[in-house]
>>> print(open('start_10.cif').read())   # mmCIF, C-alpha atoms
data_my_file
loop_
_atom_site.label_atom_id
_atom_site.label_comp_id
_atom_site.auth_asym_id
_atom_site.auth_seq_id
_atom_site.Cartn_x
_atom_site.Cartn_y
_atom_site.Cartn_z
CA MET A 1475 -108.43 103.36 48.34
CA ARG A 1476 -111.57 101.52 49.54
CA SER A 1477 -111.60 97.74 49.74
CA ARG A 1478 -114.22 95.62 48.05
CA ASP A 1479 -115.33 94.17 51.45
CA GLY A 1480 -116.04 97.66 52.76
CA ASN A 1481 -118.28 98.36 49.79
CA LEU A 1482 -120.07 95.07 50.28
CA ASN A 1483 -120.75 95.81 53.91
CA PHE A 1484 -122.06 99.22 53.04
CA SER A 1485 -124.34 97.83 50.38
CA ARG A 1486 -125.58 95.12 52.77
CA ARG A 1487 -126.41 97.73 55.37
CA LEU A 1488 -128.13 99.86 52.80
CA CYS A 1489 -130.14 96.91 51.56
CA SER A 1490 -131.18 95.92 55.07
CA VAL A 1491 -132.31 99.45 55.82
CA VAL A 1492 -134.26 99.58 52.58
CA ILE A 1493 -135.86 96.19 53.29
CA LEU A 1494 -136.69 97.24 56.84
CA PHE A 1495 -138.37 100.47 55.73
CA SER A 1496 -140.18 98.79 52.89
CA SER A 1497 -141.44 96.04 55.19
CA LEU A 1498 -142.55 98.65 57.67
CA ALA A 1499 -144.36 100.46 54.91
CA LEU A 1500 -146.05 97.28 53.73
CA SER A 1501 -147.24 96.37 57.21
CA ALA A 1502 -148.48 99.89 57.86
CA SER A 1503 -152.04 99.42 59.00
CA GLU A 1504 -153.83 101.99 56.99
CA TYR A 1505 -157.25 101.19 55.70
CA LEU A 1506 -159.67 102.88 53.39
CA ILE A 1507 -163.21 102.70 54.68
CA SER A 1508 -166.43 103.87 53.11
CA TYR A 1509 -169.95 103.41 54.38
CA LYS A 1510 -173.28 104.05 52.78
CA TYR A 1511 -176.84 103.18 53.58
CA ILE A 1512 -180.07 103.91 51.85
CA VAL A 1513 -183.45 104.25 53.48
CA LYS A 1514 -186.48 104.21 51.24
CA ASP A 1515 -189.92 105.06 52.64
CA ALA A 1516 -188.80 104.49 56.23
CA ILE A 1517 -187.37 101.06 55.44
CA LEU A 1518 -183.68 100.25 55.25
CA TYR A 1519 -183.04 99.43 51.63
CA ASN A 1520 -179.31 98.86 51.30
CA GLU A 1521 -176.25 99.08 53.52
CA THR A 1522 -172.63 98.90 52.40
CA LEU A 1523 -169.46 98.99 54.45
CA LEU A 1524 -166.34 98.74 52.32
CA ILE A 1525 -162.96 98.14 53.95
CA SER A 1526 -159.72 97.72 52.09
CA LYS A 1527 -156.05 98.11 52.85
CA ALA A 1528 -154.51 101.31 51.55
CA MET A 1529 -152.26 100.68 48.58
CA THR A 1530 -150.48 103.98 49.03
CA LYS A 1531 -149.51 105.86 52.12
CA CYS A 1532 -152.13 108.18 53.46
CA GLU A 1533 -151.39 111.69 54.54
CA GLY A 1534 -152.75 113.44 57.57
CA THR A 1535 -152.73 113.24 61.31
CA PRO A 1536 -154.87 110.82 63.34
CA GLN A 1537 -158.07 112.37 64.70
CA GLU A 1538 -160.63 111.05 67.19
CA GLU A 1539 -159.59 107.49 67.82
CA PHE A 1540 -161.78 104.54 68.60
CA ILE A 1541 -160.78 101.45 70.55
CA LEU A 1542 -162.11 98.04 69.64
CA GLN A 1543 -161.58 94.90 71.68
CA ASN A 1544 -159.25 92.57 69.87
CA SER A 1545 -158.42 88.91 70.38
CA SER A 1546 -155.09 88.74 68.53
CA GLU A 1547 -156.69 89.64 65.23
CA ASP A 1548 -154.79 91.54 62.57
CA ASN A 1549 -157.53 91.80 60.01
CA LEU A 1550 -159.74 94.85 60.34
CA LYS A 1551 -162.63 93.32 58.40
CA LYS A 1552 -162.83 90.38 60.77
CA LEU A 1553 -162.39 92.62 63.77
CA ILE A 1554 -165.19 94.93 62.71
CA SER A 1555 -167.47 92.06 61.82
CA LYS A 1556 -167.24 91.02 65.47
CA ASN A 1557 -168.38 94.46 66.71
CA PRO A 1558 -170.22 96.03 63.79
CA GLN A 1559 -172.70 98.09 65.80
CA GLU A 1560 -170.09 99.95 67.81
CA PHE A 1561 -168.03 100.68 64.75
CA ILE A 1562 -171.00 102.00 62.81
CA GLU A 1563 -171.98 104.25 65.71
CA TYR A 1564 -168.40 105.55 65.70
CA ILE A 1565 -168.62 106.21 61.96
CA HIS A 1566 -171.85 108.12 62.53
CA LYS A 1567 -170.05 110.28 65.07
CA LEU A 1568 -167.32 111.10 62.58
CA GLY A 1569 -169.88 112.66 60.30
CA MET A 1570 -172.21 111.48 57.59
CA HIS A 1571 -173.30 113.15 54.41
CA VAL A 1572 -177.07 113.31 54.29
CA ASN A 1573 -178.82 113.26 50.94
CA HIS A 1574 -182.58 113.30 51.13
CA ASP A 1575 -184.94 113.35 48.18
CA GLU A 1576 -188.67 113.43 48.82
CA LYS A 1577 -191.46 113.34 46.26
CA THR A 1578 -195.15 113.97 46.75
CA ILE A 1579 -197.14 113.18 43.63
CA ASN A 1580 -200.90 113.65 43.83
CA LEU A 1581 -200.66 113.66 47.63
CA GLN A 1582 -198.76 110.35 47.70
CA ASN A 1583 -195.42 110.68 49.43
CA SER A 1584 -192.23 108.69 48.91
CA TYR A 1585 -188.68 109.45 49.87
CA THR A 1586 -185.12 108.20 49.75
CA THR A 1587 -182.47 109.12 52.29
CA VAL A 1588 -178.84 108.25 51.65
CA LEU A 1589 -176.29 108.50 54.44
CA THR A 1590 -172.69 108.31 53.29
CA LEU A 1591 -169.25 108.27 54.81
CA LYS A 1592 -166.98 109.19 51.94
CA THR A 1593 -163.91 107.01 51.52
CA THR A 1594 -161.63 107.90 54.41
CA CYS A 1595 -158.20 106.63 55.35
CA PHE A 1596 -157.94 105.16 58.84
CA LYS A 1597 -154.83 104.33 60.76
CA VAL A 1598 -155.23 101.07 62.65
CA ASP A 1599 -152.92 99.82 65.39
CA PHE A 1600 -153.41 96.20 66.35
CA ASN A 1601 -152.49 95.17 69.84
CA ASP A 1602 -152.97 91.97 71.76
CA ASN A 1603 -156.18 92.96 73.52
CA PHE A 1604 -157.40 95.94 71.57
CA ALA A 1605 -157.07 97.83 68.32
CA THR A 1606 -157.17 101.58 67.91
CA ILE A 1607 -158.72 103.08 64.81
CA ALA A 1608 -158.33 106.74 63.90
CA PRO A 1609 -159.17 108.64 60.73
CA LEU A 1610 -156.35 110.54 59.07
CA LYS A 1611 -157.19 114.11 58.18
CA MET B 156 -286.40 205.99 32.19
CA LYS B 157 -283.65 208.20 30.97
CA TYR B 158 -282.16 208.26 34.40
CA SER B 159 -282.30 204.56 34.65
CA ILE B 160 -280.53 204.19 31.34
CA LEU B 161 -277.94 206.68 32.49
CA ILE B 162 -277.45 204.85 35.73
CA ALA B 163 -277.13 201.60 33.89
CA MET B 164 -274.56 203.11 31.60
CA LEU B 165 -272.69 204.61 34.48
CA LEU B 166 -272.77 201.28 36.27
CA SER B 167 -271.56 199.45 33.24
CA ILE B 168 -268.78 201.99 32.79
CA SER B 169 -267.88 201.67 36.45
CA THR B 170 -267.84 197.91 36.22
CA LEU B 171 -265.70 198.08 33.13
CA SER B 172 -263.16 200.31 34.84
CA GLY B 173 -263.32 198.03 37.95
CA ALA B 174 -262.64 195.00 35.76
CA ASP B 175 -259.60 196.76 34.35
CA LYS B 176 -258.46 197.40 37.86
CA VAL B 177 -258.98 193.78 38.83
CA GLN B 178 -257.16 192.68 35.77
CA THR B 179 -254.25 194.97 36.55
CA VAL B 180 -254.22 193.76 40.17
CA ASP B 181 -254.24 190.08 39.10
CA ALA B 182 -251.26 190.56 36.70
CA ALA B 183 -249.18 192.21 39.43
CA ALA B 184 -250.04 189.42 41.84
CA ILE B 185 -249.14 186.81 39.30
CA GLU B 186 -245.88 188.55 38.56
CA GLN B 187 -245.15 188.75 42.24
CA THR B 188 -246.10 185.14 42.71
CA ASN B 189 -243.96 184.14 39.76
CA ALA B 190 -241.06 186.03 41.17
CA GLU B 191 -241.58 184.38 44.52
CA LEU B 192 -241.90 181.04 42.85
CA SER B 193 -238.71 181.49 40.91
CA LYS B 194 -237.04 182.63 44.11
CA VAL B 195 -238.32 179.56 45.92
CA ARG B 196 -237.24 177.40 43.01
CA ALA B 197 -233.78 178.96 43.10
CA GLU B 198 -233.66 178.36 46.83
CA ILE B 199 -234.74 174.77 46.31
CA ALA B 200 -232.08 174.31 43.63
CA GLN B 201 -229.51 175.85 45.97
CA ALA B 202 -230.69 173.57 48.75
CA LYS B 203 -230.45 170.59 46.41
CA LEU B 204 -226.95 171.66 45.42
CA ASP B 205 -226.05 172.04 49.06
CA ALA B 206 -227.52 168.64 49.80
CA ALA B 207 -225.58 167.06 46.92
CA GLN B 208 -222.39 168.68 48.15
CA ALA B 209 -223.09 167.47 51.65
CA THR B 210 -223.73 163.93 50.33
CA ALA B 211 -220.47 164.01 48.38
CA GLN B 212 -218.63 165.21 51.47
CA ALA B 213 -220.27 162.47 53.51
CA CYS B 214 -219.23 159.90 50.91
CA GLU B 215 -215.67 161.19 50.99
CA ALA B 216 -215.68 161.14 54.75
CA LYS B 217 -217.00 157.56 54.67
CA LYS B 218 -214.31 156.51 52.21
CA GLU B 219 -211.69 158.20 54.34
CA SER B 220 -212.95 156.44 57.44
CA GLN B 221 -212.93 153.12 55.57
CA ARG B 222 -209.36 153.72 54.43
CA VAL B 223 -208.36 154.58 57.99
CA VAL B 224 -210.07 151.41 59.23
CA GLU B 225 -208.24 149.36 56.62
CA GLU B 226 -204.92 150.94 57.49
CA LEU B 227 -205.61 150.23 61.13
CA ALA B 228 -206.43 146.60 60.31
CA VAL B 229 -203.18 146.23 58.31
CA ALA B 230 -201.19 147.85 61.09
CA LYS B 231 -202.85 145.55 63.61
CA ALA B 232 -202.06 142.47 61.51
CA GLU B 233 -198.45 143.58 61.13
CA LYS B 234 -198.17 144.17 64.84
CA GLU B 235 -199.67 140.78 65.60
CA GLU B 236 -197.24 139.15 63.16
CA GLU B 237 -194.37 140.96 64.80
CA ILE B 238 -195.52 139.78 68.20
CA ALA B 239 -195.91 136.21 66.91
CA THR B 240 -192.41 136.22 65.40
CA ALA B 241 -191.00 137.76 68.53
CA THR B 242 -192.56 135.06 70.69
CA ALA B 243 -191.60 132.20 68.41
CA LYS B 244 -188.27 133.64 67.40
CA GLU B 245 -185.78 131.21 65.89
CA GLU B 246 -182.64 130.56 67.77
CA VAL B 247 -179.68 132.35 66.23
CA LEU B 248 -176.19 130.98 66.58
CA ARG B 249 -174.14 133.74 68.15
CA LYS B 250 -170.45 133.86 68.95
CA ASN B 251 -169.46 131.89 72.05
CA LYS B 252 -172.94 130.40 72.18
CA SER B 253 -174.26 127.00 71.23
CA VAL B 254 -177.62 125.78 70.02
CA HIS B 255 -179.15 122.51 71.08
CA ILE B 256 -181.27 120.74 68.49
CA SER B 257 -183.38 117.70 69.26
CA VAL B 258 -185.27 115.61 66.70
CA ILE B 259 -187.15 112.33 66.49
CA GLY B 260 -186.61 109.98 63.58
CA GLN B 261 -188.98 107.19 62.62
CA GLY B 262 -188.23 103.92 60.89
CA VAL B 263 -190.18 100.82 60.04
CA ALA B 264 -188.95 97.24 59.97
CA PRO B 265 -189.26 95.45 56.63
CA MET B 266 -191.82 92.64 56.31
CA ASN B 267 -189.38 89.87 55.42
CA THR B 268 -187.10 89.83 58.46
CA SER B 269 -185.76 86.60 59.83
CA SER B 270 -186.02 87.60 63.49
CA PRO B 271 -187.42 90.35 65.70
CA ALA B 272 -183.87 91.40 66.49
CA GLN B 273 -183.13 91.91 62.82
CA ALA B 274 -186.37 93.84 62.43
CA TYR B 275 -185.38 96.07 65.33
CA ALA B 276 -181.89 96.66 63.98
CA LEU B 277 -183.13 97.55 60.52
CA ALA B 278 -185.90 99.78 61.81
CA LYS B 279 -183.44 101.56 64.06
CA ARG B 280 -181.09 102.17 61.19
CA ALA B 281 -183.94 103.66 59.17
CA ALA B 282 -184.98 105.82 62.12
CA ILE B 283 -181.43 107.12 62.53
CA ALA B 284 -181.38 108.14 58.87
CA ASP B 285 -184.69 109.94 59.35
CA ALA B 286 -183.34 111.73 62.41
CA TYR B 287 -180.23 112.78 60.50
CA ARG B 288 -182.48 114.12 57.77
CA ALA B 289 -184.48 116.08 60.34
CA ILE B 290 -181.29 117.58 61.81
CA ALA B 291 -180.06 118.51 58.35
CA GLU B 292 -183.40 120.13 57.56
CA LYS B 293 -183.29 122.19 60.74
CA VAL B 294 -179.68 123.28 60.44
CA LYS B 295 -179.21 123.73 56.72
CA GLY B 296 -182.71 123.97 55.29
CA VAL B 297 -184.74 122.31 52.58
CA ARG B 298 -184.95 123.00 48.89
CA ILE B 299 -188.51 122.73 47.63
CA ASP B 300 -189.70 122.43 44.06
CA GLY B 301 -193.39 122.30 43.14
CA GLN B 302 -195.15 121.65 39.85
CA ASP B 303 -198.86 121.45 39.01
CA THR B 304 -200.18 120.35 35.64
CA ILE B 305 -203.64 121.64 34.78
CA LYS B 306 -205.61 120.50 31.72
CA ASN B 307 -209.17 121.47 30.84
CA MET B 308 -209.46 123.40 34.08
CA MET B 309 -208.59 120.29 36.09
CA VAL B 310 -205.46 119.40 38.04
CA GLN B 311 -203.86 116.47 36.21
CA ARG B 312 -200.75 116.09 38.32
CA SER B 313 -199.47 117.84 41.39
CA THR B 314 -195.85 117.29 42.35
CA VAL B 315 -193.82 118.55 45.29
CA ARG B 316 -190.14 117.63 45.55
CA THR B 317 -187.92 118.41 48.50
CA TYR B 318 -184.18 118.01 48.74
CA VAL B 319 -181.86 118.08 51.70
CA GLN B 320 -178.09 117.96 51.44
CA ALA B 321 -175.88 118.34 54.48
CA MET B 322 -173.05 116.93 56.50
CA VAL B 323 -173.93 116.01 60.07
CA ARG B 324 -171.42 115.08 62.71
CA ASN B 325 -171.46 114.56 66.47
CA ALA B 326 -175.16 113.78 66.67
CA ASP B 327 -176.09 111.69 69.70
CA ILE B 328 -178.83 109.14 70.16
CA VAL B 329 -180.72 109.99 73.32
CA GLU B 330 -183.52 107.44 73.35
CA THR B 331 -184.76 104.57 71.21
CA THR B 332 -188.23 103.05 71.35
CA PHE B 333 -189.59 100.17 69.30
CA LYS B 334 -193.33 99.61 69.33
CA GLU B 335 -195.51 97.67 66.91
CA GLY B 336 -192.90 97.65 64.17
CA LEU B 337 -192.18 101.36 64.44
CA CYS B 338 -188.84 102.47 65.77
CA GLU B 339 -188.40 105.98 67.07
CA VAL B 340 -184.98 107.43 67.71
CA GLU B 341 -184.53 110.68 69.55
CA MET B 342 -181.33 112.40 68.53
CA GLU B 343 -179.74 115.62 69.62
CA ILE B 344 -176.91 117.75 68.44
CA LEU B 345 -175.11 120.67 70.02
CA ILE B 346 -173.99 123.22 67.48
CA SER B 347 -171.52 125.88 68.43
CA HIS B 348 -170.38 128.91 66.51
CA ALA B 349 -166.90 127.41 66.16
CA ASP B 350 -168.31 124.58 64.03
CA PHE B 351 -169.08 127.08 61.29
CA ALA B 352 -166.18 129.45 61.85
CA GLN B 353 -163.81 127.74 59.42
#
>>> encode(input="start_10.cif", output="structure tokens")
Amino acid sequence: MRSRDGNLNFSRRLCSVVILFSSLALSASEYLISYKYIVKDAILYNETLLISKAMTKCEGTPQEEFILQNSSEDNLKKLISKNPQEFIEYIHKLGMHVNHDEKTINLQNSYTTVLTLKTTCFKVDFNDNFATIAPLK
Amino acid sequence: MKYSILIAMLLSISTLSGADKVQTVDAAAIEQTNAELSKVRAEIAQAKLDAAQATAQACEAKKESQRVVEELAVAKAEKEEEIATATAKEEVLRKNKSVHISVIGQGVAPMNTSSPAQAYALAKRAAIADAYRAIAEKVKGVRIDGQDTIKNMMVQRSTVRTYVQAMVRNADIVETTFKEGLCEVEMEILISHADFAQ
């Protein structure tokens, strides 16, 4: 016959394991990032970079990773805002959807080009001096 | 006197018979001449017919030569086109080969920028988008739609619309220049057969 203490210990262990895994899951640095910019008649019209923490776990394996210098930061938005140019160049390398629409009415030309990075899940590992970012595919 | 009358009668008789002779001679000559004339006329008609036939043949020969000349001209044009396409042949992506594409994108800085640096950054971004568009056009192609509205024999509105839709990855910026508000970005991309093999 099992004692009540034994059951309590077991349940404590179980709870701690559950808490540990859940905390790990909560602190999992997975971010959803989307980027879009619109150029109208050779002039940049609008640029949007959206970053948010993933609410659910992403599936896939990390692909080409990118390393950003980090000064003990654990917020990707702040980190990227410090090096936006490098990050945007990296996003360009990952691949952009190009949507170009050009109109010539009575010999007058106007066009709109939209470059988009569709919402992609990124795995981010924060370290003391650097952070690695990799898309999950 | 009697003899003279007799002679006169004889003479008149002789002249009468001579006139008959002349008349008979003239009719034969006329008949002969008519026959010759008709013969000559027939020959002339034949000659005319021959000439007409010869003219028709010449016309046909001329038409034939014109047709041959036209065919030659078409053949020459086709050959020239073939040569032109052969010389400026598009690069085809073959297995285990890669194609290098280089484009230049242009962008302009907006008027209301707070600093030259901002103007440069914005113009560069616009130029990159233009370069991406150029790469997409080269690799995937352009859809073109044209519409002309004509009223009372006059063009009211002429519209040309072009669309490009593509996904571009691994394009590299080679060079950036910024001069008098215009930013030019040279971009290149290396496309291999494996990129499309999926």
>>> closest_residue(input="start_10.cif", among="A:Met1529, A:Ile1607, A:Leu1542, A:Ile1579", to="chain B", atoms="all atoms listed in the file")
A:Ile1579
>>> residues_around(input="start_10.cif", residues="A:Pro1609", least_positions_apart="6", cutoff="8 Å", atoms="all atoms listed in the file", output="JSON, numbers by chain")
{"A": [1535, 1536, 1537, 1538, 1539, 1594, 1595, 1596, 1597]}
>>> write_last_selection(input="start_10.cif", atoms="C-alpha atoms", output="tab-separated table (two decimals), keeping the file's coordinate frame")
chain	number	residue	atom	x	y	z
A	1535	THR	CA	-152.73	113.24	61.31
A	1536	PRO	CA	-154.87	110.82	63.34
A	1537	GLN	CA	-158.07	112.37	64.70
A	1538	GLU	CA	-160.63	111.05	67.19
A	1539	GLU	CA	-159.59	107.49	67.82
A	1594	THR	CA	-161.63	107.90	54.41
A	1595	CYS	CA	-158.20	106.63	55.35
A	1596	PHE	CA	-157.94	105.16	58.84
A	1597	LYS	CA	-154.83	104.33	60.76
>>> interface_residues(input="start_10.cif", of="chain A", to="chain B", cutoff="7 Å", atoms="only C-alpha atoms", output="MDAnalysis selection string")
chainID A and resid 1513 1516:1518 1566:1580 1587 1589
>>> atom_distance(input="start_10.cif", atom1="atom CA of A:Ser1546", atom2="atom CA of A:Ala1528")
21.1 Å
>>> atom_distance(input="start_10.cif", atom1="atom CA of A:Lys1510", atom2="atom CA of B:Thr268")
20.6 Å
>>> atom_distance(input="start_10.cif", atom1="atom CA of B:Ser193", atom2="atom CA of B:Thr210")
24.9 Å
>>> closest_residue(input="start_10.cif", among="A:Thr1586, A:Asn1601, A:Thr1522, A:Thr1530", to="A:Tyr1509", atoms="only C-alpha atoms")
A:Thr1522
>>> residues_near_point(input="start_10.cif", point="(-155.2, 90.6, 70.0)", cutoff="8 Å", atoms="all atoms listed in the file", output="list in words")
Gln1543, Asn1544, Ser1545, Ser1546, Glu1547, Asp1548, Phe1600, Asn1601, Asp1602, Asn1603, Phe1604 and Ala1605 of chain A
>>> residues_near_point(input="start_10.cif", point="(-184.7, 109.2, 69.8)", cutoff="7 Å", atoms="only C-alpha atoms", output="ChimeraX atom specification")
/B:259-260,328-331,339-342
>>> axis_aligned_box(input="start_10.cif", around="stretch 316-321 of chain B", padding_each_side="3 Å", output="AutoDock Vina command-line options")
--center_x -183.0 --center_y 118.0 --center_z 50.0 --size_x 20.3 --size_y 6.8 --size_z 14.9
>>> resolve_selection(input="start_10.cif", expression="the PyMOL selection byres ((chain A and resi 1524) around 6)", output="list in words")
Ile1507, Ser1508, Leu1523 and Ile1525 of chain A
>>> closest_residue(input="start_10.cif", among="B:Ser270, B:Ser253, B:Ser220, B:Gln208", to="B:Ile346", atoms="only C-alpha atoms")
B:Ser253
>>> residues_around(input="start_10.cif", residues="B:Ser347", least_positions_apart="5", cutoff="10 Å", atoms="only C-alpha atoms", output="compact mmCIF listing (two decimals) with C-alpha atoms, in the coordinates of the input")
# COMPACT_ATOMS: atom_id res chain seq x y z
CA LEU B 248 -176.19 130.98 66.58
CA ARG B 249 -174.14 133.74 68.15
CA LYS B 250 -170.45 133.86 68.95
CA ASN B 251 -169.46 131.89 72.05
CA LYS B 252 -172.94 130.40 72.18
CA SER B 253 -174.26 127.00 71.23
CA VAL B 254 -177.62 125.78 70.02
CA HIS B 255 -179.15 122.51 71.08
CA ALA B 352 -166.18 129.45 61.85
